[in-house]
file query20.cif (mmCIF, C-alpha atoms)
data_work
#
loop_
_atom_site.label_atom_id
_atom_site.label_comp_id
_atom_site.auth_asym_id
_atom_site.auth_seq_id
_atom_site.Cartn_x
_atom_site.Cartn_y
_atom_site.Cartn_z
CA SER M 56 8.53 37.22 18.97
CA ASP M 57 8.39 34.08 16.83
CA SER M 58 7.93 31.76 19.84
CA TRP M 59 4.40 31.00 18.58
CA LEU M 60 5.94 29.62 15.35
CA THR M 61 8.13 27.19 17.31
CA VAL M 62 5.13 26.04 19.35
CA LEU M 63 2.92 25.46 16.29
CA ASP M 64 5.65 23.55 14.43
CA GLN M 65 6.07 21.25 17.43
CA TYR M 66 2.30 20.91 17.91
CA PHE M 67 1.84 19.84 14.26
CA LYS M 68 4.53 17.20 14.73
CA GLU M 69 2.95 15.86 17.93
CA LYS M 70 -0.54 15.66 16.43
CA SER M 71 0.64 13.99 13.20
CA GLU M 72 2.46 11.34 15.27
CA ASN M 73 -0.41 11.06 17.79
CA THR M 74 1.87 11.77 20.75
CA ASP M 75 1.45 13.73 23.98
CA ILE M 76 0.85 17.48 23.51
CA ALA M 77 1.72 18.46 27.10
CA ASP M 78 4.70 20.59 26.01
CA THR M 79 2.76 22.67 23.49
CA ALA M 80 -0.81 23.08 24.81
CA ILE M 81 -2.32 24.64 27.93
CA GLN M 82 -3.34 22.12 30.55
CA SER M 83 -7.08 22.14 29.84
CA VAL M 84 -6.42 21.42 26.14
CA TRP M 85 -3.93 18.71 27.06
CA TYR M 86 -6.37 17.08 29.50
CA ALA M 87 -9.17 16.98 26.91
CA ASP M 88 -6.77 15.44 24.40
CA TYR M 89 -5.65 12.90 27.00
CA LEU M 90 -9.24 11.78 27.64
CA ALA M 91 -9.86 11.44 23.91
CA LYS M 92 -6.69 9.35 23.43
CA ARG M 93 -7.64 7.09 26.33
CA ARG M 94 -11.11 6.42 24.86
CA GLN M 95 -9.70 5.89 21.36
CA LYS M 96 -7.25 3.32 22.71
CA LYS M 97 -10.14 1.41 24.30
CA LEU M 98 -12.08 1.44 21.03
CA GLY M 99 -9.07 0.56 18.89
CA VAL M 100 -9.17 3.86 16.99
CA ASP M 101 -6.01 5.60 15.79
CA VAL M 102 -6.22 9.33 15.05
CA ARG M 103 -3.68 11.31 13.06
CA GLU M 104 -3.96 15.01 12.40
CA THR M 105 -2.15 16.78 9.58
CA TYR M 106 -1.91 20.41 8.57
CA ALA M 107 -1.52 21.38 4.93
CA GLY M 108 -0.26 24.95 4.83
CA ARG M 109 -0.42 27.11 1.71
CA GLY M 110 2.80 29.05 2.12
CA LYS M 111 4.75 29.53 5.33
CA LEU M 112 3.06 30.15 8.65
CA HIS M 113 4.99 33.35 9.31
CA GLU M 114 3.54 34.82 6.09
CA THR M 115 0.02 34.69 7.53
CA TYR M 116 -1.75 37.23 9.74
CA VAL M 117 -0.59 37.16 13.36
CA GLY M 118 -2.24 39.36 16.00
CA ASN M 119 -1.26 39.99 19.63
CA TRP M 120 -3.31 41.70 22.31
CA ASN M 121 -4.03 41.58 26.03
CA ASP M 122 -6.67 39.04 27.00
CA GLY M 123 -7.31 39.35 30.72
CA ARG M 124 -4.41 37.84 32.64
CA ASN M 125 -2.77 36.66 29.42
CA VAL M 126 -1.33 37.90 26.15
CA ARG M 127 -3.29 36.33 23.32
CA THR M 128 -1.71 35.45 19.97
CA VAL M 129 -4.05 34.55 17.12
CA VAL M 130 -2.61 33.08 13.93
CA HIS M 131 -4.89 33.26 10.88
CA THR M 132 -3.45 30.77 8.41
CA ASN M 133 -4.09 29.92 4.77
CA GLY M 134 -3.90 26.20 5.46
CA PHE M 135 -6.30 23.36 6.16
CA ARG M 136 -6.44 20.77 8.93
CA THR M 137 -7.25 17.13 8.25
CA ARG M 138 -8.01 14.38 10.76
CA ILE M 139 -7.89 10.71 9.81
CA TYR M 140 -9.55 8.11 12.05
CA LYS M 141 -8.60 4.48 11.47
CA MET M 142 -9.67 1.20 13.00
CA ALA M 143 -9.69 -2.40 11.82
CA GLY M 144 -11.43 -2.45 8.45
CA ASP M 145 -12.62 1.15 8.45
CA SER M 146 -11.35 4.72 8.18
CA LEU M 147 -12.82 8.21 8.27
CA LYS M 148 -11.22 11.34 6.85
CA ILE M 149 -12.38 14.80 7.94
CA ALA M 150 -10.91 17.50 5.74
CA ARG M 151 -12.17 20.99 6.52
CA LYS M 152 -12.81 23.42 3.69
CA SER M 153 -12.26 26.35 6.04
CA THR M 154 -8.79 27.57 6.96
CA CYS M 155 -7.42 27.21 10.49
CA ILE M 156 -7.12 29.85 13.19
CA PHE M 157 -4.75 28.93 16.02
CA SER M 158 -4.97 30.66 19.41
CA LEU M 159 -2.04 30.74 21.81
CA LEU M 160 -1.62 32.18 25.30
CA SER M 161 1.34 33.66 27.14
CA SER M 162 1.05 34.71 30.78
CA LYS M 163 2.01 38.27 31.60
CA ILE M 164 3.84 36.78 34.57
CA GLN M 165 5.62 33.49 33.82
CA ARG M 166 7.32 30.92 36.01
CA ASP M 167 9.70 28.09 35.11
CA ILE M 168 9.60 26.58 38.61
CA TYR M 169 6.45 25.87 40.63
CA THR M 170 6.18 25.28 44.34
CA CYS M 171 3.67 22.55 45.16
CA PRO M 172 0.96 24.19 47.27
CA ASN M 173 0.52 20.94 49.22
CA CYS M 174 4.02 19.72 50.15
CA GLY M 175 6.14 22.78 49.30
CA SER M 176 8.55 20.97 46.94
CA GLU M 177 9.77 22.74 43.80
CA SER M 178 9.48 21.25 40.33
CA LYS M 179 9.75 22.33 36.71
CA THR M 180 6.49 23.10 34.93
CA GLU M 181 6.70 20.12 32.56
CA GLU M 182 7.12 17.74 35.53
CA LEU M 183 3.78 18.77 37.04
CA MET M 184 1.37 17.99 34.20
CA ASN M 185 0.24 14.77 35.89
CA GLY M 186 0.69 15.99 39.45
CA CYS M 187 3.48 16.78 41.91
CA PRO M 188 6.24 14.15 41.54
CA PHE M 189 6.78 14.17 45.32
CA CYS M 190 3.29 14.01 46.85
CA GLY M 191 1.09 13.30 43.80
CA THR M 192 -1.12 16.37 44.26
CA LYS M 193 -2.68 17.57 41.01
CA PHE M 194 -3.24 21.26 40.42
CA GLU M 195 -3.84 23.54 37.48
CA LEU M 196 -0.87 25.28 35.88
CA THR M 197 -2.07 28.72 34.90
CA SER M 198 1.18 30.37 33.80
CA TYR M 199 1.91 29.83 30.12
CA ASP M 200 5.14 30.27 28.20
CA THR M 201 3.38 30.56 24.81
CA LYS M 202 1.12 27.52 24.60
CA LEU M 203 -1.70 26.52 22.26
CA ALA M 204 -5.13 27.34 23.69
CA GLY M 205 -7.35 26.19 20.83
CA VAL M 206 -7.88 25.59 17.12
CA HIS M 207 -10.82 27.16 15.30
CA TYR M 208 -12.06 27.31 11.73
CA ASP M 209 -12.48 30.47 9.71
CA PRO M 210 -16.15 30.61 8.63
CA VAL M 211 -15.19 32.73 5.60
CA LYS M 212 -14.18 30.00 3.16
CA ALA M 213 -13.07 32.26 0.31
CA SER M 214 -9.80 34.16 0.67
CA SER M 215 -9.93 37.89 1.39
CA SER M 216 -8.14 38.67 -1.88
CA LEU M 217 -10.84 36.93 -3.91
CA ILE M 218 -13.60 38.74 -2.03
CA LEU M 219 -11.84 42.04 -2.69
CA LEU M 220 -11.36 41.21 -6.38
CA LEU M 221 -15.04 40.37 -6.88
CA PRO M 222 -16.30 44.02 -6.91
CA ALA M 223 -13.69 44.89 -9.55
CA LEU M 224 -14.85 42.04 -11.77
CA ILE M 225 -18.50 43.06 -11.32
CA ILE M 226 -17.73 46.66 -12.35
CA VAL M 227 -15.78 45.49 -15.42
CA ALA M 228 -18.67 43.21 -16.39
CA MET M 229 -21.12 46.10 -16.04
CA PHE M 230 -19.06 48.36 -18.32
CA PHE M 231 -18.68 45.54 -20.86
CA ALA M 232 -22.41 44.74 -20.82
CA TYR M 233 -23.32 48.42 -21.12
CA ALA M 234 -21.11 48.76 -24.21
CA PHE M 235 -22.92 45.87 -25.92
CA ILE M 236 -26.40 47.05 -24.89
CA THR M 237 -25.78 50.56 -26.25
CA GLY M 238 -24.14 49.23 -29.43
CA ASN M 239 -20.81 50.90 -28.65
CA HIS M 240 -18.64 47.86 -29.37
CA ASP M 241 -17.02 48.17 -32.82
CA ASN M 242 -14.05 46.07 -31.73
CA PHE M 243 -14.50 43.30 -29.17
CA TRP M 244 -10.95 43.42 -27.76
CA ALA M 245 -10.92 47.21 -27.66
CA THR M 246 -14.25 47.22 -25.80
CA LEU M 247 -12.96 44.61 -23.35
CA GLY M 248 -9.75 46.57 -22.76
CA ASP M 249 -11.67 49.80 -22.25
CA SER M 250 -14.03 48.07 -19.78
CA LEU M 251 -11.09 46.61 -17.85
CA PHE M 252 -9.36 50.01 -17.67
CA LYS M 253 -12.47 51.89 -16.51
CA GLY M 254 -13.45 49.15 -14.09
CA PHE M 255 -10.11 48.99 -12.34
CA ILE M 256 -9.74 52.78 -12.20
CA ILE M 257 -13.09 53.04 -10.41
CA THR M 258 -12.12 50.11 -8.19
CA ILE M 259 -8.88 51.83 -7.13
CA TYR M 260 -10.78 55.03 -6.18
CA ALA M 261 -13.41 53.00 -4.36
CA LEU M 262 -10.86 50.69 -2.71
CA PRO M 263 -11.19 52.22 0.81
CA ILE M 264 -14.97 51.65 0.69
CA PHE M 265 -14.44 48.05 -0.47
CA ILE M 266 -11.92 47.42 2.31
CA ILE M 267 -14.25 48.82 4.99
CA ALA M 268 -17.18 46.81 3.64
CA LEU M 269 -14.98 43.68 3.49
CA GLY M 270 -13.84 44.22 7.08
CA ILE M 271 -17.42 44.60 8.32
CA TYR M 272 -18.44 41.48 6.41
CA LEU M 273 -15.58 39.34 7.78
CA ILE M 274 -16.05 40.50 11.38
CA SER M 275 -19.82 39.96 11.34
CA LYS M 276 -19.41 36.57 9.67
CA ARG M 277 -16.94 35.37 12.29
CA LEU M 278 -18.93 36.75 15.21
CA LYS M 279 -22.07 35.08 13.95
CA ALA M 280 -20.30 31.75 13.42
CA ASN M 281 -18.73 31.51 16.88
CA GLN M 282 -20.04 33.67 19.68
CA ILE M 283 -17.60 32.72 22.44
CA ASN M 284 -16.56 36.38 22.64
CA VAL M 285 -20.16 37.39 23.32
CA LEU M 286 -20.41 34.74 26.02
CA ALA M 287 -17.16 35.93 27.60
CA HIS M 288 -18.29 39.57 27.45
CA PHE M 289 -20.85 38.87 30.18
CA VAL M 290 -18.04 37.73 32.50
CA LYS M 291 -15.59 40.50 31.60
CA LYS M 292 -18.07 43.09 32.81
CA VAL M 293 -17.43 41.94 36.37
CA ASP M 294 -13.97 40.31 36.05
CA SER M 295 -11.26 42.50 34.49
CA ASN M 296 -8.55 39.78 34.37
CA PHE M 297 -10.88 37.23 32.76
CA SER M 298 -9.35 35.57 29.67
CA THR M 299 -11.60 34.62 26.74
CA GLU M 300 -9.19 32.05 25.32
CA GLU M 301 -8.63 30.50 28.73
CA PHE M 302 -12.41 30.28 29.15
CA GLU M 303 -12.88 28.54 25.80
CA GLY M 304 -10.16 26.05 26.68
CA THR M 305 -11.95 25.44 29.98
CA ILE M 306 -15.31 24.84 28.25
CA ASN M 307 -13.72 22.38 25.80
CA ALA M 308 -12.09 20.49 28.65
CA ARG M 309 -15.31 20.42 30.69
CA LEU M 310 -17.38 19.07 27.77
CA LYS M 311 -14.80 16.54 26.64
CA GLY M 312 -14.42 15.36 30.20
CA PHE M 313 -18.18 15.02 30.57
CA PHE M 314 -18.68 13.09 27.32
CA LEU M 315 -15.49 11.00 27.36
CA ALA M 316 -15.21 10.15 31.07
CA ASP M 317 -15.96 6.58 32.13
CA GLY M 318 -18.52 5.79 34.80
CA THR M 319 -15.80 5.24 37.42
CA ASP M 320 -14.06 8.57 36.76
CA ASN M 321 -14.34 11.36 39.33
CA ILE M 322 -15.48 14.38 37.32
CA SER M 323 -16.84 16.30 40.30
CA CYS M 324 -13.93 18.73 39.96
CA PHE M 325 -15.82 20.43 37.12
CA THR M 326 -19.44 19.25 37.15
CA ASN M 327 -22.23 18.11 39.44
CA LEU M 328 -23.50 15.87 36.64
CA GLN M 329 -22.92 12.13 36.45
CA PRO M 330 -20.71 10.81 33.60
CA ILE M 331 -22.84 10.29 30.50
CA ASN M 332 -23.01 6.79 29.01
CA MET M 333 -21.26 7.26 25.65
CA ALA M 334 -18.91 4.30 25.56
CA THR M 335 -18.89 4.28 21.73
CA LEU M 336 -17.82 7.94 21.43
CA ALA M 337 -14.26 8.16 20.06
CA ASP M 338 -13.88 11.92 19.77
CA ILE M 339 -15.77 15.18 20.12
CA GLU M 340 -15.13 18.74 18.98
CA ILE M 341 -16.95 22.02 19.54
CA LEU M 342 -17.69 23.61 16.18
CA ALA M 343 -19.53 26.75 17.32
CA PHE M 344 -21.23 28.59 20.18
CA LYS M 345 -24.72 29.95 19.53
CA HIS M 346 -27.22 32.16 21.39
CA PRO M 347 -25.13 33.00 24.48
CA ARG M 348 -26.93 34.63 27.40
CA GLU M 349 -26.50 35.41 31.07
CA LEU M 350 -28.69 33.64 33.62
CA ASP M 351 -30.15 34.70 36.95
CA ALA M 352 -28.63 32.55 39.69
CA SER M 353 -28.67 33.68 43.30
CA GLY M 354 -25.11 33.84 44.66
CA PHE M 355 -23.60 32.54 41.41
CA PHE M 356 -22.58 33.95 38.04
CA ALA M 357 -24.09 31.73 35.34
CA VAL M 358 -24.03 31.70 31.53
CA ARG M 359 -25.84 29.53 28.99
CA SER M 360 -25.06 28.76 25.36
CA GLU M 361 -25.93 26.29 22.66
CA VAL M 362 -22.91 24.41 21.32
CA ILE M 363 -22.71 22.58 18.01
CA LEU M 364 -20.70 19.40 18.54
CA GLU M 365 -19.08 17.08 16.03
CA MET M 366 -19.08 13.52 17.36
CA ILE M 367 -17.16 10.52 16.05
CA ASN M 368 -18.74 7.22 17.16
CA VAL M 369 -17.93 3.57 16.61
CA VAL M 370 -21.15 1.85 15.51
CA ASN M 371 -21.13 -1.84 14.50
CA GLY M 372 -17.42 -1.70 13.76
CA LYS M 373 -17.75 1.45 11.64
CA LEU M 374 -16.71 5.04 12.26
CA VAL M 375 -19.73 7.35 12.14
CA ARG M 376 -19.58 11.15 12.07
CA LYS M 377 -22.53 13.30 13.14
CA GLN M 378 -23.35 16.77 14.44
CA GLU M 379 -25.52 17.44 17.47
CA THR M 380 -26.53 20.58 19.37
CA TYR M 381 -26.47 20.78 23.16
CA THR M 382 -27.48 23.48 25.60
CA ILE M 383 -24.86 23.97 28.30
CA ASP M 384 -24.75 25.99 31.51
CA LEU M 385 -21.61 27.06 33.34
CA TYR M 386 -21.57 28.78 36.68
CA ARG M 387 -19.24 29.84 39.48
CA GLU M 388 -19.55 31.80 42.71
CA ALA M 389 -20.43 35.42 41.94
CA ALA M 390 -17.67 36.80 44.17
CA LEU M 391 -14.87 34.93 42.36
CA LYS M 392 -12.41 36.95 40.29
CA THR M 393 -9.54 35.87 38.03
CA GLN M 394 -6.20 36.50 39.75
CA LEU M 395 -3.33 37.95 37.72
CA MET M 396 -0.83 35.31 38.78
CA SER M 397 -2.98 32.19 39.11
CA ASP M 398 -6.18 31.12 40.76
CA GLN M 399 -6.02 29.23 44.04
CA GLU M 400 -5.59 25.54 43.36
CA ILE M 401 -5.39 23.88 46.77
CA TYR M 402 -8.16 24.32 49.33
CA ASN M 403 -8.82 23.33 52.90
CA CYS M 404 -11.84 21.17 53.65
CA PRO M 405 -14.28 23.22 55.74
CA ASN M 406 -15.08 20.08 57.73
CA CYS M 407 -11.64 18.67 58.69
CA ALA M 408 -9.18 21.30 57.29
CA GLY M 409 -7.46 18.66 55.15
CA THR M 410 -5.99 19.72 51.81
CA ILE M 411 -8.11 19.25 48.67
CA SER M 412 -6.79 19.45 45.10
CA ILE M 413 -9.22 21.01 42.63
CA LEU M 414 -8.25 18.52 39.89
CA ASN M 415 -9.05 15.60 42.21
CA GLY M 416 -12.62 16.83 42.55
CA GLY M 417 -14.70 18.10 45.43
CA HIS M 418 -14.35 14.93 47.49
CA CYS M 419 -12.22 15.19 50.63
CA GLU M 420 -10.09 12.05 50.91
CA HIS M 421 -9.63 12.64 54.65
CA CYS M 422 -13.21 12.85 55.93
CA GLY M 423 -15.39 12.17 52.87
CA ASN M 424 -16.97 15.64 52.81
CA ILE M 425 -18.38 16.75 49.42
CA ILE M 426 -17.66 20.35 48.37
CA ASN M 427 -19.45 22.41 45.74
CA MET M 428 -16.57 23.22 43.37
CA ALA M 429 -18.46 26.23 41.98
CA HIS M 430 -17.06 28.09 44.99
CA TYR M 431 -13.59 27.72 43.40
CA GLY M 432 -14.05 27.77 39.62
CA TRP M 433 -16.30 27.11 36.61
CA VAL M 434 -18.64 24.14 36.91
CA LEU M 435 -20.64 22.49 34.13
CA GLY M 436 -24.21 22.57 35.43
CA LYS M 437 -26.15 21.41 32.41
CA ALA M 438 -25.57 19.57 29.12
CA GLU M 439 -28.80 18.68 27.38
CA LYS M 440 -29.37 17.68 23.77
CA VAL M 441 -31.50 20.17 21.84
#
call {"tool": "encode", "arguments": {"input": "query20.cif", "output": "structure tokens"}}
result
Amino acid sequence: SDSWLTVLDQYFKEKSENTDIADTAIQSVWYADYLAKRRQKKLGVDVRETYAGRGKLHETYVGNWNDGRNVRTVVHTNGFRTRIYKMAGDSLKIARKSTCIFSLLSSKIQRDIYTCPNCGSESKTEELMNGCPFCGTKFELTSYDTKLAGVHYDPVKASSSLILLLPALIIVAMFFAYAFITGNHDNFWATLGDSLFKGFIITIYALPIFIIALGIYLISKRLKANQINVLAHFVKKVDSNFSTEEFEGTINARLKGFFLADGTDNISCFTNLQPINMATLADIEILAFKHPRELDASGFFAVRSEVILEMINVVNGKLVRKQETYTIDLYREAALKTQLMSDQEIYNCPNCAGTISILNGGHCEHCGNIINMAHYGWVLGKAEKV
């Protein structure tokens, strides 16, 4: 299906015009983008994102496979993404030298209409992004009709064709050099032609070995650059429907929410930490996950990783770009498992039995009881600068 192509085309348009991406991205990605836009508006920063493709998107590599409760589509492109930050008297352009990899999710079971778990009213999916239009209850939408789950960068900056061509050129150069060293070069052009012929003949016979070696190199390079799959592997051992892409979207949303939330925001729906004081932060992006490991936590399943963050700050009226490394912990109740349809989103307060929405945080509006949200989903338990 080419539904991913329609989604990406629309996503590029929304990002270049700096408009809402609710129709093209999963909710956690949308929420992180919403927080960033809100902070940028306060700071007077305008952000436009463009994508310069080399050739058409459908000519690139597209892979589909099962990823827990979802079908994962990964689009390896030959194009580059550029972000331009502008404010009065200053601008900052971030043009990546690595090509883009877009990840999209489609639920194995999809729904066009949702029933609000609080009031029972039915609404279309797009009407529920900011909460139920009838009672205002906010809940996560975990059924996706092909939506963007994340954008990553390919750590291999050179194209695969150039990497594959390099061994052939080396072999040709060796034959040519050998001819000159041994004195067997009566005619320069004839020697060059003979070296090219022998070199490419050997290359053709050795092509399977080159391809295997190239594949090993590319896979190891990508795994080393971003180890989210290693981090997710710890969870998949005990949770068969767990989705790696969904998890990465969740981590991005948790971190963006933590760094971009204001002091008055209720972020207890995903962390027991207080909002960090970063009023000058205009944007943040996770560049890589490093050194993932599983932690011992009685009654909880916990993982730790170092994350390399790119931060855009406004300092003395100027846009400043820097990279920082943080150690983060995420944990949830050990008995929790990912449900095939969707995780439970509305809970009853154990104190007064009133309904609690997970996106409104662990604070019961009826009796004031505070609930540990790790009993219901992933919670950010640590974010410390390395």
call {"tool": "resolve_selection", "arguments": {"input": "query20.cif", "expression": "the PyMOL selection byres ((chain M and resi 143) around 10)", "output": "PDB file with C-alpha atoms, keeping the file's coordinate frame"}}
result
ATOM      1  CA  GLY M  99      -9.070   0.560  18.890  1.00  0.00           C
ATOM      2  CA  VAL M 100      -9.170   3.860  16.990  1.00  0.00           C
ATOM      3  CA  ASP M 101      -6.010   5.600  15.790  1.00  0.00           C
ATOM      4  CA  LYS M 141      -8.600   4.480  11.470  1.00  0.00           C
ATOM      5  CA  MET M 142      -9.670   1.200  13.000  1.00  0.00           C
ATOM      6  CA  GLY M 144     -11.430  -2.450   8.450  1.00  0.00           C
ATOM      7  CA  ASP M 145     -12.620   1.150   8.450  1.00  0.00           C
ATOM      8  CA  SER M 146     -11.350   4.720   8.180  1.00  0.00           C
ATOM      9  CA  GLY M 372     -17.420  -1.700  13.760  1.00  0.00           C
ATOM     10  CA  LYS M 373     -17.750   1.450  11.640  1.00  0.00           C
TER      11      LYS M 373
END
call {"tool": "resolve_selection", "arguments": {"input": "query20.cif", "expression": "the PyMOL selection byres ((chain M and resi 250) around 10)", "output": "ChimeraX atom specification"}}
result
/M:226-234,244-249,251-256
call {"tool": "closest_residue", "arguments": {"input": "query20.cif", "among": "M:Phe265, M:Tyr260, M:Tyr140, M:Trp120", "to": "Ala337 of chain M", "atoms": "all atoms listed in the file"}}
result
M:Tyr140
call {"tool": "resolve_selection", "arguments": {"input": "query20.cif", "expression": "the PyMOL selection byres ((chain M and resi 78) around 9)", "output": "PyMOL selection string"}}
result
chain M and resi 62+65-66+75-77+79-81+85+181+202
call {"tool": "residues_around", "arguments": {"input": "query20.cif", "residues": "His346 of chain M", "least_positions_apart": "5", "cutoff": "8 Å", "atoms": "all atoms listed in the file", "output": "list in words"}}
result
Gln282, Ser360 and Glu361 of chain M
call {"tool": "write_last_selection", "arguments": {"input": "query20.cif", "atoms": "C-alpha atoms", "output": "PDB file, in the frame of the given file"}}
result
ATOM      1  CA  GLN M 282     -20.040  33.670  19.680  1.00  0.00           C
ATOM      2  CA  SER M 360     -25.060  28.760  25.360  1.00  0.00           C
ATOM      3  CA  GLU M 361     -25.930  26.290  22.660  1.00  0.00           C
TER       4      GLU M 361
END
